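Text of work-v4.cif, listed as mmCIF, N, CA and C atoms:
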```cif
data_upload
#
loop_
_atom_site.label_atom_id
_atom_site.label_comp_id
_atom_site.auth_asym_id
_atom_site.auth_seq_id
_atom_site.Cartn_x
_atom_site.Cartn_y
_atom_site.Cartn_z
N MET A 1 -8.27 -6.56 8.05
CA MET A 1 -9.14 -5.55 7.52
C MET A 1 -8.28 -4.34 7.18
N ILE A 2 -8.54 -3.75 6.02
CA ILE A 2 -7.79 -2.58 5.56
C ILE A 2 -8.53 -1.31 5.99
N HIS A 3 -7.78 -0.37 6.56
CA HIS A 3 -8.31 0.94 6.96
C HIS A 3 -7.44 2.02 6.33
N HIS A 4 -8.00 3.19 6.18
CA HIS A 4 -7.25 4.37 5.75
C HIS A 4 -6.49 4.11 4.45
N LEU A 5 -7.17 3.55 3.48
CA LEU A 5 -6.55 3.27 2.18
C LEU A 5 -6.29 4.57 1.44
N SER A 6 -5.08 4.74 0.98
CA SER A 6 -4.72 5.88 0.14
C SER A 6 -3.84 5.37 -0.99
N VAL A 7 -3.46 6.27 -1.88
CA VAL A 7 -2.62 5.88 -2.99
C VAL A 7 -1.23 5.47 -2.51
N SER A 8 -0.78 6.02 -1.39
CA SER A 8 0.57 5.70 -0.91
C SER A 8 0.63 4.49 0.02
N GLY A 9 -0.51 4.08 0.59
CA GLY A 9 -0.48 2.93 1.48
C GLY A 9 -1.78 2.76 2.24
N CYS A 10 -1.69 2.02 3.34
CA CYS A 10 -2.89 1.75 4.13
C CYS A 10 -2.49 1.27 5.52
N PHE A 11 -3.49 1.16 6.38
CA PHE A 11 -3.30 0.55 7.68
C PHE A 11 -4.05 -0.78 7.65
N VAL A 12 -3.40 -1.85 8.06
CA VAL A 12 -4.00 -3.17 8.06
C VAL A 12 -4.19 -3.62 9.50
N GLN A 13 -5.45 -3.82 9.87
CA GLN A 13 -5.75 -4.35 11.20
C GLN A 13 -5.46 -5.84 11.15
N ILE A 14 -4.57 -6.28 12.02
CA ILE A 14 -4.11 -7.67 11.99
C ILE A 14 -3.73 -8.10 13.41
N ALA A 15 -4.09 -9.30 13.78
CA ALA A 15 -3.86 -9.78 15.14
C ALA A 15 -2.37 -9.95 15.46
N PHE A 16 -1.58 -10.39 14.49
CA PHE A 16 -0.16 -10.63 14.71
C PHE A 16 0.63 -9.80 13.71
N PRO A 17 0.90 -8.52 14.05
CA PRO A 17 1.57 -7.62 13.10
C PRO A 17 2.95 -8.09 12.69
N TYR A 18 3.26 -7.87 11.43
CA TYR A 18 4.60 -8.14 10.91
C TYR A 18 5.56 -7.07 11.45
N PRO A 19 6.84 -7.36 11.56
CA PRO A 19 7.81 -6.37 12.03
C PRO A 19 8.00 -5.24 11.00
N VAL A 20 8.36 -4.06 11.51
CA VAL A 20 8.70 -2.94 10.63
C VAL A 20 9.84 -3.38 9.72
N GLY A 21 9.74 -3.03 8.45
CA GLY A 21 10.75 -3.42 7.47
C GLY A 21 10.36 -4.64 6.65
N SER A 22 9.35 -5.38 7.10
CA SER A 22 8.90 -6.56 6.35
C SER A 22 8.32 -6.13 5.00
N THR A 23 8.54 -6.97 4.00
CA THR A 23 7.92 -6.72 2.69
C THR A 23 6.76 -7.68 2.51
N LEU A 24 5.72 -7.19 1.86
CA LEU A 24 4.50 -7.97 1.69
C LEU A 24 4.01 -7.89 0.25
N ARG A 25 3.32 -8.89 -0.19
CA ARG A 25 2.55 -8.84 -1.43
C ARG A 25 1.11 -8.68 -1.00
N MET A 26 0.48 -7.60 -1.44
CA MET A 26 -0.90 -7.32 -1.04
C MET A 26 -1.83 -7.57 -2.22
N VAL A 27 -2.89 -8.31 -1.95
CA VAL A 27 -3.89 -8.62 -2.96
C VAL A 27 -5.25 -8.37 -2.33
N PHE A 28 -6.04 -7.46 -2.93
CA PHE A 28 -7.37 -7.21 -2.39
C PHE A 28 -8.29 -6.73 -3.51
N PRO A 29 -9.58 -7.05 -3.38
CA PRO A 29 -10.53 -6.66 -4.43
C PRO A 29 -10.88 -5.17 -4.31
N LEU A 30 -10.99 -4.51 -5.47
CA LEU A 30 -11.52 -3.15 -5.49
C LEU A 30 -12.99 -3.20 -5.91
N ASP A 31 -13.26 -3.99 -6.90
CA ASP A 31 -14.64 -4.16 -7.39
C ASP A 31 -14.85 -5.63 -7.69
N PRO A 32 -16.06 -6.14 -7.43
CA PRO A 32 -16.30 -7.57 -7.64
C PRO A 32 -16.13 -8.03 -9.09
N GLU A 33 -16.38 -7.13 -10.04
CA GLU A 33 -16.32 -7.55 -11.45
C GLU A 33 -14.93 -7.40 -12.07
N CYS A 34 -13.96 -6.93 -11.31
CA CYS A 34 -12.60 -6.73 -11.81
C CYS A 34 -11.62 -7.66 -11.10
N SER A 35 -10.46 -7.82 -11.72
CA SER A 35 -9.43 -8.63 -11.08
C SER A 35 -8.94 -7.92 -9.81
N PRO A 36 -8.43 -8.67 -8.85
CA PRO A 36 -7.97 -8.05 -7.60
C PRO A 36 -6.83 -7.07 -7.85
N PHE A 37 -6.70 -6.12 -6.95
CA PHE A 37 -5.58 -5.19 -6.99
C PHE A 37 -4.39 -5.88 -6.34
N VAL A 38 -3.24 -5.83 -6.98
CA VAL A 38 -2.04 -6.49 -6.47
C VAL A 38 -0.90 -5.48 -6.45
N THR A 39 -0.23 -5.38 -5.31
CA THR A 39 0.95 -4.52 -5.21
C THR A 39 1.86 -5.06 -4.12
N ASP A 40 3.08 -4.62 -4.14
CA ASP A 40 4.01 -4.95 -3.07
C ASP A 40 3.97 -3.83 -2.05
N GLY A 41 4.35 -4.11 -0.83
CA GLY A 41 4.35 -3.10 0.21
C GLY A 41 5.42 -3.38 1.24
N LYS A 42 5.70 -2.35 2.03
CA LYS A 42 6.68 -2.47 3.10
C LYS A 42 6.05 -1.96 4.38
N VAL A 43 6.22 -2.72 5.47
CA VAL A 43 5.69 -2.31 6.77
C VAL A 43 6.54 -1.15 7.27
N VAL A 44 5.89 0.00 7.51
CA VAL A 44 6.61 1.19 7.96
C VAL A 44 6.22 1.59 9.38
N ALA A 45 5.17 0.99 9.91
CA ALA A 45 4.74 1.28 11.29
C ALA A 45 4.04 0.06 11.85
N ARG A 46 4.07 -0.05 13.17
CA ARG A 46 3.45 -1.21 13.82
C ARG A 46 2.93 -0.76 15.19
N ASN A 47 1.72 -1.22 15.52
CA ASN A 47 1.21 -1.01 16.87
C ASN A 47 0.35 -2.21 17.23
N LEU A 48 -0.28 -2.18 18.39
CA LEU A 48 -1.05 -3.35 18.84
C LEU A 48 -2.22 -3.66 17.94
N GLY A 49 -2.70 -2.67 17.18
CA GLY A 49 -3.86 -2.89 16.32
C GLY A 49 -3.53 -3.38 14.93
N GLY A 50 -2.27 -3.22 14.50
CA GLY A 50 -1.94 -3.64 13.15
C GLY A 50 -0.68 -2.99 12.63
N ILE A 51 -0.64 -2.82 11.30
CA ILE A 51 0.57 -2.32 10.63
C ILE A 51 0.23 -1.25 9.61
N GLY A 52 1.15 -0.30 9.46
CA GLY A 52 1.08 0.68 8.39
C GLY A 52 1.93 0.18 7.25
N VAL A 53 1.36 0.15 6.04
CA VAL A 53 2.06 -0.38 4.87
C VAL A 53 2.19 0.72 3.82
N ARG A 54 3.40 0.92 3.32
CA ARG A 54 3.63 1.83 2.20
C ARG A 54 3.71 0.98 0.94
N PHE A 55 2.93 1.37 -0.06
CA PHE A 55 2.90 0.61 -1.31
C PHE A 55 4.15 0.89 -2.14
N ALA A 56 4.63 -0.16 -2.80
CA ALA A 56 5.72 -0.09 -3.76
C ALA A 56 5.17 -0.67 -5.05
N TYR A 57 4.59 0.18 -5.88
CA TYR A 57 3.88 -0.29 -7.07
C TYR A 57 4.79 -1.03 -8.02
N ARG A 58 4.22 -2.05 -8.61
CA ARG A 58 4.95 -2.82 -9.60
C ARG A 58 4.92 -2.12 -10.96
N THR A 59 3.83 -1.40 -11.24
CA THR A 59 3.72 -0.67 -12.51
C THR A 59 3.00 0.66 -12.27
N ASP A 60 3.18 1.61 -13.20
CA ASP A 60 2.44 2.87 -13.13
C ASP A 60 0.94 2.62 -13.27
N ALA A 61 0.58 1.61 -14.05
CA ALA A 61 -0.84 1.28 -14.23
C ALA A 61 -1.48 0.89 -12.90
N ASP A 62 -0.73 0.22 -12.04
CA ASP A 62 -1.26 -0.17 -10.72
C ASP A 62 -1.62 1.06 -9.90
N SER A 63 -0.71 2.03 -9.83
CA SER A 63 -0.98 3.22 -9.04
C SER A 63 -2.13 4.02 -9.64
N LYS A 64 -2.21 4.09 -10.96
CA LYS A 64 -3.31 4.81 -11.61
C LYS A 64 -4.65 4.13 -11.35
N ARG A 65 -4.66 2.81 -11.36
CA ARG A 65 -5.89 2.07 -11.08
C ARG A 65 -6.39 2.36 -9.67
N LEU A 66 -5.50 2.31 -8.68
CA LEU A 66 -5.91 2.58 -7.31
C LEU A 66 -6.36 4.03 -7.15
N ARG A 67 -5.64 4.97 -7.75
CA ARG A 67 -6.02 6.38 -7.66
C ARG A 67 -7.42 6.59 -8.25
N ALA A 68 -7.70 5.99 -9.39
CA ALA A 68 -9.01 6.13 -10.02
C ALA A 68 -10.10 5.55 -9.11
N TRP A 69 -9.83 4.41 -8.49
CA TRP A 69 -10.83 3.79 -7.61
C TRP A 69 -11.09 4.67 -6.39
N ILE A 70 -10.03 5.18 -5.77
CA ILE A 70 -10.20 6.06 -4.60
C ILE A 70 -10.92 7.34 -4.99
N ASP A 71 -10.49 7.98 -6.09
CA ASP A 71 -11.14 9.21 -6.54
C ASP A 71 -12.62 8.98 -6.81
N GLY A 72 -12.95 7.83 -7.37
CA GLY A 72 -14.35 7.51 -7.64
C GLY A 72 -15.17 7.41 -6.36
N ARG A 73 -14.57 6.92 -5.30
CA ARG A 73 -15.27 6.80 -4.01
C ARG A 73 -15.38 8.16 -3.32
N LEU A 74 -14.35 8.99 -3.46
CA LEU A 74 -14.35 10.30 -2.80
C LEU A 74 -15.37 11.25 -3.43
N HIS A 75 -15.59 11.11 -4.73
CA HIS A 75 -16.47 12.02 -5.44
C HIS A 75 -17.84 11.41 -5.74
N ALA A 76 -18.10 10.24 -5.21
CA ALA A 76 -19.39 9.59 -5.45
C ALA A 76 -20.48 10.30 -4.64
N THR A 77 -21.68 10.30 -5.19
CA THR A 77 -22.82 10.87 -4.48
C THR A 77 -23.24 9.88 -3.40
N PRO A 78 -23.35 10.34 -2.15
CA PRO A 78 -23.75 9.42 -1.08
C PRO A 78 -25.18 8.94 -1.31
N PRO A 79 -25.47 7.72 -0.86
CA PRO A 79 -26.83 7.21 -1.04
C PRO A 79 -27.84 8.08 -0.29
N ALA A 80 -29.02 8.18 -0.86
CA ALA A 80 -30.09 8.98 -0.23
C ALA A 80 -30.55 8.30 1.05
N VAL A 81 -30.83 9.11 2.05
CA VAL A 81 -31.33 8.61 3.33
C VAL A 81 -32.85 8.75 3.29
N PRO A 82 -33.58 7.65 3.51
CA PRO A 82 -35.04 7.76 3.47
C PRO A 82 -35.55 8.68 4.57
N GLU A 83 -36.58 9.44 4.24
CA GLU A 83 -37.18 10.34 5.22
C GLU A 83 -38.08 9.55 6.17
N ALA A 84 -38.12 9.98 7.41
CA ALA A 84 -38.98 9.34 8.41
C ALA A 84 -40.43 9.68 8.10
N ALA A 85 -41.31 8.71 8.29
CA ALA A 85 -42.74 8.93 7.99
C ALA A 85 -43.45 9.62 9.13
#
```
For the file at hand, write its structure as structure tokens.
Amino acid sequence: MIHHLSVSGCFVQIAFPYPVGSTLRMVFPLDPECSPFVTDGKVVARNLGGIGVRFAYRTDADSKRLRAWIDGRLHATPPAVPEAA
């Protein structure tokens, strides 16, 4: 499970963390109607809960796509909470 997603990286909750320095290919969906987001990453931190990964973008378009997706979530209007009757 991915936590704390940012343009520079994320924290991945994983039962068997990779060692610091490991390189990874990360593939995850941003939206169901779009192709998955794909980037390379490097493990920069490790603890019992998982790993911290710094992204190493393959293209500028990749970083722009992720930034746009994150910005869209940060500035989205939260869903209305129904009032109690």
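When the distance limit is 6 Å and all atoms listed in the file are what count, the residues near Met1 in chain A, minus those fewer than 5 positions from it on the same chain, are A:Phe11, A:Val12, A:Gln13, A:Ile14.
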Taking the file above as input, evaluate the PyMOL selection byres ((chain A and resi 9) around 5) and report the hits as number ranges by chain. A: 5-8, 10-11, 53-55
Which residues are close to Val38 in chain A, i.e. within 6 Å by all atoms listed in the file, leaving aside same-chain residues fewer than 5 positions away? Reply as a ChimeraX atom specification. /A:26-28
Keeping only N, CA and C atoms, write the selected residues as a tab-separated table (two decimals), in the frame of the given file.
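Final output, saved to out_38.tsv:
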```tsv
chain	number	residue	atom	x	y	z
A	26	MET	N	0.48	-7.60	-1.44
A	26	MET	CA	-0.90	-7.32	-1.04
A	26	MET	C	-1.83	-7.57	-2.22
A	27	VAL	N	-2.89	-8.31	-1.95
A	27	VAL	CA	-3.89	-8.62	-2.96
A	27	VAL	C	-5.25	-8.37	-2.33
A	28	PHE	N	-6.04	-7.46	-2.93
A	28	PHE	CA	-7.37	-7.21	-2.39
A	28	PHE	C	-8.29	-6.73	-3.51
```
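With CA of Pro17 in chain A on one side and CA of Leu66 in chain A on the other, the separation reads 24.0 Å.
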From a backbone DSSP assignment, name each residue in range 18-85 of chain A labelled helix (DSSP H, G or I), as number ranges by chain. A: 60-74
Evaluating the PyMOL selection byres ((chain A and resi 43) around 6) on the displayed file yields which residues, as a ChimeraX atom specification? /A:19-24,41-42,44-45,52-54
Given 6 Å of margin on each side, can you work out the centre and size in Å (one decimal) of an axis-aligned box holding every listed atom of range 25-40 of chain A, as AutoDock Vina command-line options?
```
--center_x -6.2 --center_y -6.0 --center_z -6.1 --size_x 32.4 --size_y 17.7 --size_z 23.9
```
